[in-house]
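**Student:** The structure that follows is given in the form of structure tokens.
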Amino acid sequence: MKPVTQYTKSGRINIAYQVFGAGPVDLVYIPGWVSNIDCMWACPELVDFLKELGKVCRVILFDKRGTGLSDRVVELSTLEERMDDIRAVMDAVGSEKAILFGHSEGGCVSTLFAATYPDRVISLITFGIFAKRRYSPDYPWAPTDEERQEVYDMIENSWGSGEMYLESLAPSKANDKVFMDWLASYFRSGASPSAAMVLTKMNTQVDIIDILGSVKVPTLMIQRTHDIDVKIEEGRFIAERIQGARLVEFDGNDHLFWVGNTEEVLDEIRTFILGIKPKERYEERLFTFVTARVVSSVLMPSDRQLIDQFVKQYRGKVVRHNQDTFTATFEGPSKAVHCSLDLASAFRRRDARLAFGIHIKEATADEAYFVNSDTEECLGAMLKHANANQILITQTVKSLLSGAGLNFTKFKPFFETGSCESVLLYQVSDQALTGGPSNGLPHIQLPQNDSFLENVLQSIEAHLDNTCFGVEMLCREVAMSERQLQRKLKAITNKSPNQLITSVRLHRAKELMLYSQDNIAEVAYQTGFSNPSYFSKCFKKEFGLSPSSMLQSQN
């Protein structure tokens, strides 16, 4: 019997989840590429696997933002936002600690979550995961740019059809037409072609190699030796870098864990789960550190108050204030960088300049409240390279910012004190830091949410019934030029500002038609469309059927 689908909020995004099973410990399944938790229950092989897990665990399934039954407005997300989704679902079901089970692409976010929030993770289980999805000499098993382009072309031309070469994911099921038809349908229901494209391009840029050594929770890695999609060398590479990780290789070439030798896989997982003795508290975890100095000035009390406000808005914590510098810690690099961008803009409007250095590194939990001498020395060495209005980040930070809508320029390496290793620096590019004219934009205000995109969505919804609301008004509300807004939204959502405004309105209109008694014309006016016929045309383009057809199908 399929579990009830429920929703919880991650920021302003609705995340769909299901809970089933009667085991004594919680297990959160982090799916690969795309998913649809309702469609999972139409595959007998997957249902059997999940039910077996439910005998030893309380199993928590969810669709990440932009896929499946979760909100589709956001088609692209960072690893950091996906971690927020995991936390939101765990909080919604009252799970203080859980086993994370990451499959394929889900291994990246589950590994990062285990390193960042070890005290919320009992253990980590992975199946067929990778650390990078782009070839490099130090990771030669990842696809080349040419091979990734073939995937892009497939999505563009054959999404969800029989020409997706899905047989590579489950070779043992290649001649099972019922299974292959379900798999194609599962992908179609999991993401639209444009969402699948944006997600795939984002994954091409993800690189978690540098944080593997920070994973301290008990880890079981499972992979089939001849997996076509993810090479076994990738599993061996990752296992060597996660402290105490155990890699189990099974014969076979299926990338999907619920086909092939499923009994062996289940036995391995059950044995691992039942044998784990979770650690109560971990001394170290990953932190993102921001250090900054005010150039040719000192930090006044009002400056410090402004810094504290911005850092708090991005769920960070200021751990040190000096005469001309401050240091703050954040839960992830995206929040750290966007907070730094906003602070730089705010100080520039005060005729002051800040220089920033941002690094992610393993540190003791106490460093959420103070910075030890080794970390301080490292950050100080990095900050020496930064000039006024520059935000410098390390390669590790850059690798975790895929999907954040930022531009990066190679800067120069520096030697990290203590390790004596050369670390490549990048400069974060943003129009707000150029020092040029403000184009009549209003004085910057504190963000109301944790991300730029959530502020944009809130602004659109606040003016939902205003037919005059458009890009110009949106730019004023988020204190950004039209060019900058266009660039950031295109990078994050694969939509232009106008397209995003229309999409938000249409999704809200769909909800109103399903759950209110208003007619189609009334709903059109309530969501900012002055012409009902134009509304119907846009609605059909977005959802594939007219408003009247949708209502008839519901009735």
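Letters A, B, ... mark the chains of the structure tokens in the order given; residue numbers begin at 1 per chain; ligand numbers begin at 1, in order shown.
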Check the DSSP output for the backbone and give back, as number ranges by chain, the residues of segment 314-541 of chain A in alpha helix (DSSP H).

**Tutor:** A: 333-348, 373-383, 395-399, 452-462, 471-477, 482-493, 497-515, 520-526, 532-541

**Student:** Sort by chain and increasing residue number a table of all residues of segment 185-299 of chain A within 12 Å of segment 100-105 of chain A, each with its closest pair of atoms and their distance in Å to one decimal, counting only C-alpha atoms, and write it as a Markdown table.

**Tutor:**
| residue | atom | partner | partner_atom | distance |
| --- | --- | --- | --- | --- |
| A:Leu199 | CA | A:Glu105 | CA | 10.5 |
| A:Thr200 | CA | A:Glu105 | CA | 9.9 |
| A:Met202 | CA | A:Glu105 | CA | 11.2 |
| A:Asn203 | CA | A:Glu105 | CA | 7.9 |
| A:Thr204 | CA | A:Glu105 | CA | 10.6 |
| A:Val206 | CA | A:Glu105 | CA | 9.9 |
| A:Asp207 | CA | A:Glu105 | CA | 11.3 |
| A:Ile208 | CA | A:Glu105 | CA | 11.3 |
| A:Val217 | CA | A:Leu100 | CA | 10.4 |
| A:Pro218 | CA | A:Leu100 | CA | 10.7 |
| A:Thr219 | CA | A:Leu100 | CA | 9.6 |
| A:Leu220 | CA | A:Phe101 | CA | 9.5 |
| A:Met221 | CA | A:Gly102 | CA | 9.6 |
| A:Ile222 | CA | A:His103 | CA | 9.6 |
| A:Gln223 | CA | A:Ser104 | CA | 9.9 |
| A:Asp227 | CA | A:Ser104 | CA | 11.1 |
| A:Asp229 | CA | A:Ser104 | CA | 9.1 |
| A:Val230 | CA | A:Ser104 | CA | 7.9 |
| A:Lys231 | CA | A:Ser104 | CA | 11.2 |
| A:Glu234 | CA | A:Ser104 | CA | 11.3 |
| A:Gly235 | CA | A:Ser104 | CA | 10.7 |
| A:Asp254 | CA | A:Ser104 | CA | 11.8 |
| A:His255 | CA | A:Ser104 | CA | 8.0 |
| A:Leu256 | CA | A:His103 | CA | 8.3 |
| A:Phe257 | CA | A:His103 | CA | 8.1 |
| A:Trp258 | CA | A:His103 | CA | 10.9 |
| A:Ile269 | CA | A:Phe101 | CA | 9.8 |
| A:Phe272 | CA | A:Phe101 | CA | 12.0 |
| A:Ile273 | CA | A:Leu100 | CA | 10.9 |

**Student:** For Asp84 of chain A, find every residue with an atom within 9 Å (counting only C-alpha atoms), except residues of its own chain fewer than 4 positions away, and show them as a list in words.

**Tutor:**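 In the requested form, the answer reads Ser10, Gly11, Leu79, Glu80, Ala88 and Val89 of chain A.
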
**Student:** Those residues with all heavy atoms, as a short mmCIF file (atom, residue, chain, number, x, y, z; two decimals), in the first residue's frame please?

**Tutor:**
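Output file selection34.cif follows:
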data_model
loop_
_atom_site.label_atom_id
_atom_site.label_comp_id
_atom_site.auth_asym_id
_atom_site.auth_seq_id
_atom_site.Cartn_x
_atom_site.Cartn_y
_atom_site.Cartn_z
N SER A 10 10.61 23.93 2.95
CA SER A 10 12.04 24.18 3.08
C SER A 10 12.24 25.60 2.58
O SER A 10 12.28 25.84 1.37
CB SER A 10 12.84 23.19 2.23
OG SER A 10 14.22 23.45 2.33
N GLY A 11 12.33 26.55 3.51
CA GLY A 11 12.24 27.95 3.11
C GLY A 11 10.82 28.20 2.64
O GLY A 11 9.85 27.99 3.36
N LEU A 79 23.73 22.18 -3.81
CA LEU A 79 23.82 21.10 -2.84
C LEU A 79 23.40 21.59 -1.45
O LEU A 79 22.80 20.85 -0.66
CB LEU A 79 25.25 20.56 -2.79
CG LEU A 79 25.72 19.73 -3.99
CD1 LEU A 79 27.18 19.31 -3.79
CD2 LEU A 79 24.86 18.50 -4.18
N GLU A 80 23.72 22.82 -1.18
CA GLU A 80 23.38 23.40 0.13
C GLU A 80 21.87 23.47 0.33
O GLU A 80 21.35 23.15 1.41
CB GLU A 80 24.00 24.79 0.21
CG GLU A 80 23.99 25.41 1.58
CD GLU A 80 24.77 26.70 1.57
OE1 GLU A 80 25.72 26.83 0.77
OE2 GLU A 80 24.42 27.58 2.36
N ALA A 88 14.70 19.76 6.51
CA ALA A 88 13.28 20.12 6.65
C ALA A 88 12.41 18.88 6.76
O ALA A 88 11.48 18.82 7.58
CB ALA A 88 12.84 20.97 5.45
N VAL A 89 12.70 17.87 5.95
CA VAL A 89 11.92 16.63 6.00
C VAL A 89 12.16 15.89 7.30
O VAL A 89 11.21 15.39 7.94
CB VAL A 89 12.25 15.74 4.79
CG1 VAL A 89 11.61 14.37 4.94
CG2 VAL A 89 11.78 16.40 3.49
#

**Student:** Excluding same-chain residues fewer than 6 positions from segment 31-47 of chain A, what lies within 9 Å of it counting only C-alpha atoms, as a compact mmCIF listing (two decimals) with C-alpha atoms, in the first residue's frame?

**Tutor:**
# COMPACT_ATOMS: atom_id res chain seq x y z
CA MET A 1 0.00 0.00 0.00
CA LYS A 2 1.39 3.39 -1.03
CA PRO A 3 2.13 5.75 1.90
CA THR A 5 2.22 11.92 0.45
CA ALA A 16 6.92 16.21 -0.88
CA TYR A 17 7.70 13.27 1.41
CA GLN A 18 6.37 9.89 2.52
CA LEU A 61 11.27 9.24 1.02
CA PHE A 62 11.22 12.71 -0.54
CA ASP A 63 11.48 14.47 -3.90
CA LYS A 64 14.12 17.19 -3.98
CA GLY A 66 12.33 21.03 -8.72
CA THR A 67 11.55 17.32 -9.20
CA GLY A 68 8.70 14.88 -8.69
CA LEU A 69 5.88 16.09 -6.45
CA SER A 70 7.90 18.91 -4.87
CA PHE A 101 20.95 6.26 1.92
CA GLY A 102 22.27 8.11 -1.13
CA HIS A 103 21.94 6.66 -4.63
CA SER A 104 23.97 7.88 -7.63
CA GLU A 105 23.76 11.70 -7.69
CA GLY A 106 22.14 11.57 -4.24
CA GLY A 107 25.52 10.48 -2.92
CA ILE A 129 27.88 7.27 -6.28
CA PHE A 179 10.01 -2.28 -16.55
CA TRP A 182 7.91 2.33 -16.25
CA LEU A 183 11.47 3.70 -16.05
CA SER A 185 7.61 7.22 -17.34
CA TYR A 186 9.37 7.62 -13.98
CA PHE A 187 11.87 10.06 -15.48
CA SER A 189 7.14 12.34 -14.14
CA GLY A 190 10.25 13.26 -12.19
CA ALA A 191 11.26 16.30 -14.23
CA ALA A 196 16.33 17.69 -16.39
CA LEU A 199 19.91 19.73 -13.26
CA THR A 200 22.27 17.72 -15.47
CA ASN A 203 25.71 18.19 -11.74
CA PHE A 257 19.97 -0.95 -6.71
CA TRP A 258 16.46 -2.43 -6.94
CA VAL A 259 17.24 -4.72 -9.89
CA THR A 262 18.78 -7.32 -4.78

**Student:** Please identify all polymer residues within 12 Å of Val397 of chain A, counting only C-alpha atoms, omitting same-chain residues fewer than 6 positions from it, and present them as a ChimeraX atom specification.

**Tutor:** /A:79-80,206-211,286-290,332-337,357-361,391,404,408,423-428

**Student:** What does the distance between atom CA of Ile13 of chain A and atom CA of Ser402 of chain A come to in Å, to one decimal place?

**Tutor:**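 Answer for the atom CA of Ile13 of chain A to atom CA of Ser402 of chain A separation: 19.1 Å.
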
**Student:** Calculate how many Å separate atom CA of Glu264 of chain A from atom CA of Asp251 of chain A, rounding to one decimal.

**Tutor:**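 Separation of atom CA of Glu264 of chain A and atom CA of Asp251 of chain A: 10.5 Å.
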
**Student:** What's around Asp342 of chain A at 8 Å? Count only C-alpha atoms, leave out sequence neighbours fewer than 4 positions away in its own chain, and write the answer as a PyMOL selection string.

**Tutor:** chain A and resi 310+338+346

**Student:** Write the residues of the selection above to a file with N, CA and C atoms, as a PDB file, in the first residue's frame.

**Tutor:**
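Result file follows (part.pdb):
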ATOM      1  N   PHE A 310      23.056  41.024   8.889  1.00  0.00           N
ATOM      2  CA  PHE A 310      23.159  40.283   7.634  1.00  0.00           C
ATOM      3  C   PHE A 310      23.550  38.831   7.890  1.00  0.00           C
ATOM      4  N   HIS A 338      26.627  34.643  -0.625  1.00  0.00           N
ATOM      5  CA  HIS A 338      25.560  35.617  -0.864  1.00  0.00           C
ATOM      6  C   HIS A 338      25.481  36.647   0.260  1.00  0.00           C
ATOM      7  N   ALA A 346      26.148  46.771   0.683  1.00  0.00           N
ATOM      8  CA  ALA A 346      25.703  47.683   1.735  1.00  0.00           C
ATOM      9  C   ALA A 346      26.818  48.621   2.170  1.00  0.00           C
TER      10      ALA A 346
END

**Student:** Which residues are near segment 503-505 of chain A? Cut-off 8 Å, only C-alpha atoms, ignore same chain within fewer than 4 positions. Put them as an MDAnalysis selection string.

**Tutor:** chainID A and resid 73 457 460:461 464 499 509 527:528 542
